[in-house]
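Colleague: Dropping in coords-v8.pdb, with PDB, C-alpha atoms.
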```pdb
ATOM      1  CA  MET A   1     246.182  38.227 128.316
ATOM      2  CA  ALA A   2     245.587  41.945 127.882
ATOM      3  CA  ARG A   3     242.064  41.458 129.218
ATOM      4  CA  MET A   4     243.404  39.689 132.311
ATOM      5  CA  ALA A   5     245.805  42.560 132.985
ATOM      6  CA  GLY A   6     243.007  45.088 132.493
ATOM      7  CA  ARG A   7     240.773  43.230 134.914
ATOM      8  CA  ARG A   8     243.563  43.039 137.480
ATOM      9  CA  ILE A   9     244.257  46.757 137.330
ATOM     10  CA  LEU A  10     240.521  47.516 137.440
ATOM     11  CA  GLU A  11     240.022  45.339 140.530
ATOM     12  CA  LEU A  12     243.081  46.713 142.303
ATOM     13  CA  GLY A  13     241.983  50.242 141.446
ATOM     14  CA  ALA A  14     238.526  49.599 142.873
ATOM     15  CA  ILE A  15     239.956  48.088 146.067
ATOM     16  CA  GLY A  16     242.410  50.963 146.529
ATOM     17  CA  CYS A  17     239.717  53.514 145.822
ATOM     18  CA  ALA A  18     237.374  51.913 148.400
ATOM     19  CA  ALA A  19     240.179  51.805 150.981
ATOM     20  CA  GLY A  20     240.920  55.482 150.392
ATOM     21  CA  LEU A  21     237.227  56.310 150.594
ATOM     22  CA  PHE A  22     236.844  54.735 154.026
ATOM     23  CA  SER A  23     240.005  56.278 155.393
ATOM     24  CA  GLY A  24     238.820  59.624 154.060
ATOM     25  CA  LEU A  25     235.481  59.087 155.783
ATOM     26  CA  PHE A  26     236.693  57.855 159.167
ATOM     27  CA  GLY A  27     240.426  58.501 159.276
ATOM     28  CA  VAL A  28     240.829  54.709 159.511
ATOM     29  CA  GLY A  29     240.018  51.702 157.363
ATOM     30  CA  GLY A  30     242.749  51.371 154.723
ATOM     31  CA  GLY A  31     244.152  48.001 155.749
ATOM     32  CA  ALA A  32     240.773  46.703 156.901
ATOM     33  CA  ILE A  33     239.613  46.853 153.280
ATOM     34  CA  ILE A  34     242.827  46.110 151.360
ATOM     35  CA  VAL A  35     243.884  42.935 153.189
ATOM     36  CA  PRO A  36     240.570  41.019 152.991
ATOM     37  CA  MET A  37     239.910  42.151 149.408
ATOM     38  CA  LEU A  38     243.366  40.967 148.250
ATOM     39  CA  VAL A  39     242.708  37.637 149.964
ATOM     40  CA  LEU A  40     239.072  37.144 148.932
ATOM     41  CA  ARG A  41     239.087  38.744 145.466
ATOM     42  CA  ARG A  42     242.675  38.448 144.248
ATOM     43  CA  GLY A  43     243.601  35.091 145.784
ATOM     44  CA  TYR A  44     246.511  36.488 147.787
ATOM     45  CA  ALA A  45     248.133  34.465 150.561
ATOM     46  CA  ASP A  46     247.495  36.215 153.894
ATOM     47  CA  ARG A  47     251.046  37.350 154.653
ATOM     48  CA  ARG A  48     251.529  38.686 151.143
ATOM     49  CA  ALA A  49     248.249  40.599 151.370
ATOM     50  CA  MET A  50     249.332  42.145 154.675
ATOM     51  CA  GLY A  51     252.793  43.066 153.380
ATOM     52  CA  THR A  52     251.429  44.589 150.171
ATOM     53  CA  SER A  53     248.796  46.479 152.174
ATOM     54  CA  LEU A  54     251.586  48.306 154.034
ATOM     55  CA  VAL A  55     252.965  49.625 150.721
ATOM     56  CA  ALA A  56     249.553  51.053 149.838
ATOM     57  CA  ILE A  57     249.108  52.508 153.337
ATOM     58  CA  ALA A  58     252.498  54.253 153.171
ATOM     59  CA  ILE A  59     251.512  55.923 149.878
ATOM     60  CA  MET A  60     248.023  56.812 151.111
ATOM     61  CA  ALA A  61     249.219  58.162 154.468
ATOM     62  CA  GLY A  62     252.034  60.093 152.784
ATOM     63  CA  ALA A  63     249.645  61.870 150.403
ATOM     64  CA  ALA A  64     247.125  62.612 153.159
ATOM     65  CA  MET A  65     249.933  63.860 155.403
ATOM     66  CA  LEU A  66     251.055  66.383 152.796
ATOM     67  CA  ALA A  67     247.478  67.661 152.477
ATOM     68  CA  GLN A  68     247.025  67.909 156.260
ATOM     69  CA  GLY A  69     250.413  69.595 156.560
ATOM     70  CA  ALA A  70     249.229  72.267 154.126
ATOM     71  CA  TYR A  71     246.295  72.936 156.493
ATOM     72  CA  GLY A  72     248.715  73.156 159.433
ATOM     73  CA  ASN A  73     247.092  70.307 161.378
ATOM     74  CA  LEU A  74     250.273  68.305 162.044
ATOM     75  CA  HIS A  75     251.849  68.186 165.523
ATOM     76  CA  VAL A  76     255.317  66.917 164.636
ATOM     77  CA  ASP A  77     256.528  66.350 168.231
ATOM     78  CA  ASP A  78     253.424  64.339 169.206
ATOM     79  CA  GLY A  79     253.584  62.434 165.911
ATOM     80  CA  LEU A  80     257.161  61.402 166.642
ATOM     81  CA  LEU A  81     256.284  60.433 170.200
ATOM     82  CA  VAL A  82     253.892  57.721 168.965
ATOM     83  CA  GLY A  83     255.547  57.185 165.562
ATOM     84  CA  VAL A  84     259.067  56.267 166.683
ATOM     85  CA  PRO A  85     257.925  53.454 169.016
ATOM     86  CA  ALA A  86     255.572  52.375 166.222
ATOM     87  CA  VAL A  87     258.553  51.799 163.916
ATOM     88  CA  GLY A  88     260.038  49.496 166.566
ATOM     89  CA  GLY A  89     256.648  47.815 166.921
ATOM     90  CA  VAL A  90     256.239  47.186 163.206
ATOM     91  CA  VAL A  91     259.660  45.521 162.967
ATOM     92  CA  ALA A  92     258.696  43.236 165.867
ATOM     93  CA  GLY A  93     255.236  42.634 164.384
ATOM     94  CA  THR A  94     256.484  41.598 160.951
ATOM     95  CA  TRP A  95     259.100  39.354 162.618
ATOM     96  CA  LEU A  96     256.429  37.732 164.763
ATOM     97  CA  GLN A  97     254.084  37.298 161.784
ATOM     98  CA  GLN A  98     256.584  35.012 160.028
ATOM     99  CA  ARG A  99     256.646  32.745 163.081
ATOM    100  CA  ILE A 100     253.004  32.146 163.919
ATOM    101  CA  PRO A 101     250.516  30.051 161.904
ATOM    102  CA  VAL A 102     248.578  31.845 159.136
ATOM    103  CA  ARG A 103     245.329  30.627 160.655
ATOM    104  CA  THR A 104     246.152  32.454 163.918
ATOM    105  CA  VAL A 105     247.101  35.646 162.062
ATOM    106  CA  ARG A 106     243.812  35.521 160.166
ATOM    107  CA  LEU A 107     241.723  34.988 163.316
ATOM    108  CA  LEU A 108     243.512  37.938 164.959
ATOM    109  CA  PHE A 109     242.747  40.054 161.900
ATOM    110  CA  ALA A 110     239.056  39.090 161.988
ATOM    111  CA  GLY A 111     239.003  39.847 165.721
ATOM    112  CA  VAL A 112     240.425  43.334 165.159
ATOM    113  CA  LEU A 113     237.776  43.984 162.473
ATOM    114  CA  VAL A 114     235.007  43.004 164.890
ATOM    115  CA  VAL A 115     236.429  45.275 167.633
ATOM    116  CA  ALA A 116     236.743  48.162 165.143
ATOM    117  CA  ALA A 117     233.149  47.590 163.960
ATOM    118  CA  ILE A 118     231.821  47.661 167.520
ATOM    119  CA  ASP A 119     233.892  50.771 168.297
ATOM    120  CA  LEU A 120     232.510  52.523 165.219
ATOM    121  CA  ALA A 121     228.908  51.503 165.928
ATOM    122  CA  LEU A 122     229.092  52.786 169.509
ATOM    123  CA  LYS A 123     230.594  56.162 168.597
TER     124      LYS A 123
ATOM    125  CA  MET B   1     253.270  60.466 177.819
ATOM    126  CA  ILE B   2     254.579  56.987 178.585
ATOM    127  CA  ALA B   3     251.119  55.651 177.783
ATOM    128  CA  ALA B   4     251.325  57.305 174.346
ATOM    129  CA  VAL B   5     254.696  55.617 173.700
ATOM    130  CA  VAL B   6     253.312  52.226 174.750
ATOM    131  CA  VAL B   7     250.194  52.561 172.591
ATOM    132  CA  GLY B   8     252.415  53.697 169.675
ATOM    133  CA  ALA B   9     254.591  50.587 170.000
ATOM    134  CA  PHE B  10     251.521  48.365 170.247
ATOM    135  CA  ALA B  11     249.958  50.004 167.179
ATOM    136  CA  GLY B  12     253.197  49.265 165.299
ATOM    137  CA  LEU B  13     253.128  45.645 166.435
ATOM    138  CA  LEU B  14     249.552  45.294 165.174
ATOM    139  CA  ALA B  15     250.474  46.981 161.886
ATOM    140  CA  GLY B  16     253.360  44.582 161.316
ATOM    141  CA  LEU B  17     251.329  41.561 162.329
ATOM    142  CA  LEU B  18     248.145  42.356 160.393
ATOM    143  CA  GLY B  19     249.043  44.843 157.646
ATOM    144  CA  VAL B  20     246.811  47.617 158.933
ATOM    145  CA  GLY B  21     247.671  51.274 159.505
ATOM    146  CA  GLY B  22     246.836  51.357 163.196
ATOM    147  CA  GLY B  23     244.857  54.592 163.013
ATOM    148  CA  VAL B  24     242.316  52.968 165.334
ATOM    149  CA  LEU B  25     244.972  53.163 168.079
ATOM    150  CA  PHE B  26     247.007  56.224 167.085
ATOM    151  CA  VAL B  27     244.059  58.626 166.983
ATOM    152  CA  PRO B  28     242.739  57.892 170.514
ATOM    153  CA  ALA B  29     246.321  57.862 171.887
ATOM    154  CA  LEU B  30     246.833  61.367 170.523
ATOM    155  CA  THR B  31     243.515  62.733 171.814
ATOM    156  CA  VAL B  32     243.402  60.988 175.197
ATOM    157  CA  PHE B  33     247.069  60.982 176.252
ATOM    158  CA  LEU B  34     248.430  64.020 174.424
ATOM    159  CA  GLY B  35     245.340  66.221 174.392
ATOM    160  CA  LEU B  36     245.038  66.820 170.632
ATOM    161  CA  SER B  37     241.692  67.685 169.028
ATOM    162  CA  GLN B  38     240.050  64.998 166.868
ATOM    163  CA  VAL B  39     240.980  66.750 163.612
ATOM    164  CA  ASP B  40     244.609  67.354 164.665
ATOM    165  CA  ALA B  41     244.888  63.788 165.988
ATOM    166  CA  GLU B  42     243.664  62.297 162.698
ATOM    167  CA  ALA B  43     246.153  64.479 160.815
ATOM    168  CA  THR B  44     249.051  63.793 163.187
ATOM    169  CA  SER B  45     248.398  60.032 163.188
ATOM    170  CA  LEU B  46     249.435  60.092 159.503
ATOM    171  CA  LEU B  47     252.841  61.377 160.580
ATOM    172  CA  ALA B  48     253.239  58.201 162.653
ATOM    173  CA  ILE B  49     251.620  55.860 160.117
ATOM    174  CA  MET B  50     253.656  56.836 157.039
ATOM    175  CA  PRO B  51     257.199  56.013 158.305
ATOM    176  CA  MET B  52     255.870  52.983 160.189
ATOM    177  CA  ALA B  53     254.165  51.598 157.076
ATOM    178  CA  LEU B  54     257.316  52.281 155.026
ATOM    179  CA  VAL B  55     259.539  50.357 157.442
ATOM    180  CA  GLY B  56     256.918  47.604 157.726
ATOM    181  CA  ALA B  57     256.710  47.302 153.932
ATOM    182  CA  TRP B  58     260.508  47.144 153.743
ATOM    183  CA  ARG B  59     260.639  44.340 156.344
ATOM    184  CA  GLN B  60     257.852  42.438 154.578
ATOM    185  CA  HIS B  61     259.698  42.889 151.297
ATOM    186  CA  ARG B  62     262.733  41.230 152.888
ATOM    187  CA  TYR B  63     260.494  38.352 154.002
ATOM    188  CA  GLY B  64     259.218  38.056 150.408
ATOM    189  CA  ASN B  65     255.680  39.153 151.240
ATOM    190  CA  VAL B  66     255.277  42.226 149.037
ATOM    191  CA  ASP B  67     253.916  42.713 145.534
ATOM    192  CA  GLY B  68     255.266  46.212 144.942
ATOM    193  CA  ARG B  69     253.385  46.786 141.689
ATOM    194  CA  ASP B  70     250.000  45.847 143.159
ATOM    195  CA  GLY B  71     250.770  47.909 146.254
ATOM    196  CA  GLY B  72     251.584  50.910 144.086
ATOM    197  CA  ILE B  73     248.312  50.607 142.143
ATOM    198  CA  LEU B  74     246.327  50.249 145.384
ATOM    199  CA  GLY B  75     248.014  53.256 146.951
ATOM    200  CA  ALA B  76     247.614  55.439 143.863
ATOM    201  CA  ALA B  77     243.913  54.548 143.571
ATOM    202  CA  ALA B  78     243.393  55.244 147.270
ATOM    203  CA  VAL B  79     244.325  58.921 146.944
ATOM    204  CA  PRO B  80     241.289  60.001 144.832
ATOM    205  CA  GLY B  81     239.156  57.645 146.960
ATOM    206  CA  ALA B  82     240.215  59.471 150.107
ATOM    207  CA  ILE B  83     239.422  62.841 148.548
ATOM    208  CA  ALA B  84     235.932  61.536 147.639
ATOM    209  CA  GLY B  85     235.510  60.224 151.186
ATOM    210  CA  VAL B  86     236.232  63.617 152.681
ATOM    211  CA  ALA B  87     233.686  65.170 150.289
ATOM    212  CA  ILE B  88     231.012  62.561 151.110
ATOM    213  CA  VAL B  89     231.407  62.890 154.866
ATOM    214  CA  ASN B  90     230.379  66.523 154.521
ATOM    215  CA  VAL B  91     227.135  65.611 152.714
ATOM    216  CA  VAL B  92     225.834  62.288 154.077
ATOM    217  CA  PRO B  93     224.944  61.967 157.799
ATOM    218  CA  GLU B  94     228.059  60.513 159.469
ATOM    219  CA  ARG B  95     226.043  58.117 161.618
ATOM    220  CA  VAL B  96     224.591  56.349 158.568
ATOM    221  CA  VAL B  97     228.042  55.848 157.077
ATOM    222  CA  GLN B  98     229.477  54.637 160.392
ATOM    223  CA  ILE B  99     226.805  51.969 160.862
ATOM    224  CA  ALA B 100     227.104  50.852 157.230
ATOM    225  CA  PHE B 101     230.878  50.504 157.509
ATOM    226  CA  ALA B 102     230.607  48.673 160.846
ATOM    227  CA  GLY B 103     228.231  46.191 159.195
ATOM    228  CA  LEU B 104     230.573  45.753 156.228
ATOM    229  CA  MET B 105     233.525  44.987 158.516
ATOM    230  CA  LEU B 106     231.512  42.312 160.332
ATOM    231  CA  VAL B 107     230.644  40.659 156.999
ATOM    232  CA  ILE B 108     234.324  40.735 155.943
ATOM    233  CA  ALA B 109     235.432  39.301 159.308
ATOM    234  CA  TRP B 110     232.960  36.427 158.838
ATOM    235  CA  GLN B 111     234.227  35.752 155.291
ATOM    236  CA  MET B 112     237.826  35.668 156.528
ATOM    237  CA  VAL B 113     237.037  33.211 159.319
ATOM    238  CA  ARG B 114     234.891  30.970 157.128
ATOM    239  CA  ARG B 115     237.389  30.532 154.317
ATOM    240  CA  ARG B 116     240.467  28.419 154.571
ATOM    241  CA  PRO B 117     243.731  30.371 154.135
ATOM    242  CA  ARG B 118     245.662  29.669 150.957
ATOM    243  CA  GLU B 119     248.672  27.479 151.686
ATOM    244  CA  GLU B 120     251.817  29.600 151.868
ATOM    245  CA  ALA B 121     254.789  28.701 149.702
TER     246      ALA B 121
END
```
For the structure just supplied, provide its representation as structure tokens.

Modeller:
Amino acid sequence: MARMAGRRILELGAIGCAAGLFSGLFGVGGGAIIVPMLVLRRGYADRRAMGTSLVAIAIMAGAAMLAQGAYGNLHVDDGLLVGVPAVGGVVAGTWLQQRIPVRTVRLLFAGVLVVAAIDLALK
Amino acid sequence: MIAAVVVGAFAGLLAGLLGVGGGVLFVPALTVFLGLSQVDAEATSLLAIMPMALVGAWRQHRYGNVDGRDGGILGAAAVPGAIAGVAIVNVVPERVVQIAFAGLMLVIAWQMVRRRPREEA
């Protein structure tokens, strides 16, 4: 039992660490790692993986934001301009996610990964 | 400016739907439509992502789709990972890392499509 818990924390730690690594490297890539790893390695259902990923992203983005704020790189007005509509968007997105088949959500996710990969390769 | 608002809303929609941060959309919106430098855009995107992810996590929690403990461990582990990432990007040629990550994402996409989703409760 204790070994199972240790393994779980170790795996989650490794996944989180990898997600942080990629977002540190490219400024993106947290959810792209966390969601598939929770599904493929931890046996999560898709919606639960995507919901839990948002918790991790909030923590990660919050910590990075504090660091960037210390360097004076934050434009608060521009951040709000895209961030406020994003809050509306995320409420709509989570609502929509509960109403479309998991298979469709997963295909969309895979599609976004492919687009992001192409975008990164062509940079 | 309106374009930035529209892209912001769309990034939020994608974040809610797929559980991603949406940095892929926020960063170009901030550079292209609002004229920020790459560094400032990456920093400022966090200002949009954090509250959006918080609200998204809260909504998903209401829908019963959040494991708060696992999410906390993932987020805590991500912080040192991100610091390491920033260090690495200053040492290893960026192009090599970009291509490697692009390849990794394609492999993951294939795995996701190939496997059957677990039945939801």

Colleague: Return the neighbours of chain A among the residues of chain B, cut-off 6 Å, counting all atoms listed in the file, as JSON, numbers by chain.

Modeller: {"B": [4, 5, 8, 9, 12, 13, 15, 16, 17, 18, 19, 20, 23, 40, 43, 44, 46, 47, 48, 50, 52, 53, 54, 56, 57, 60, 65, 66, 67, 71, 74, 75, 77, 78, 79, 81, 82, 85, 86, 89, 99, 102, 105, 106, 109, 118]}

Colleague: One decimal, Å: what's the distance from atom CA of Tyr63 of chain B over to atom CA of Arg116 of chain B, could you say?

Modeller: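 Pair atom CA of Tyr63 of chain B / atom CA of Arg116 of chain B returns 22.4 Å.
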
Colleague: Quick one: pull the distance between atom CA of Ile88 of chain B and atom CA of Gly21 of chain B, Å, one decimal.

Modeller: 21.8 Å

Colleague: Atom CA of Glu42 of chain B to atom CA of Gly22 of chain B: how many Å, to one decimal?

Modeller: 11.4 Å

Colleague: If the box runs along x, y and z of the file and leaves 3 Å on each side of segment 81-93 of chain B, what are its centre and edge lengths in Å, one decimal, as JSON?

Modeller:
```
{"center_x": 232.6, "center_y": 62.1, "center_z": 152.4, "size_x": 21.3, "size_y": 14.9, "size_z": 16.8}
```
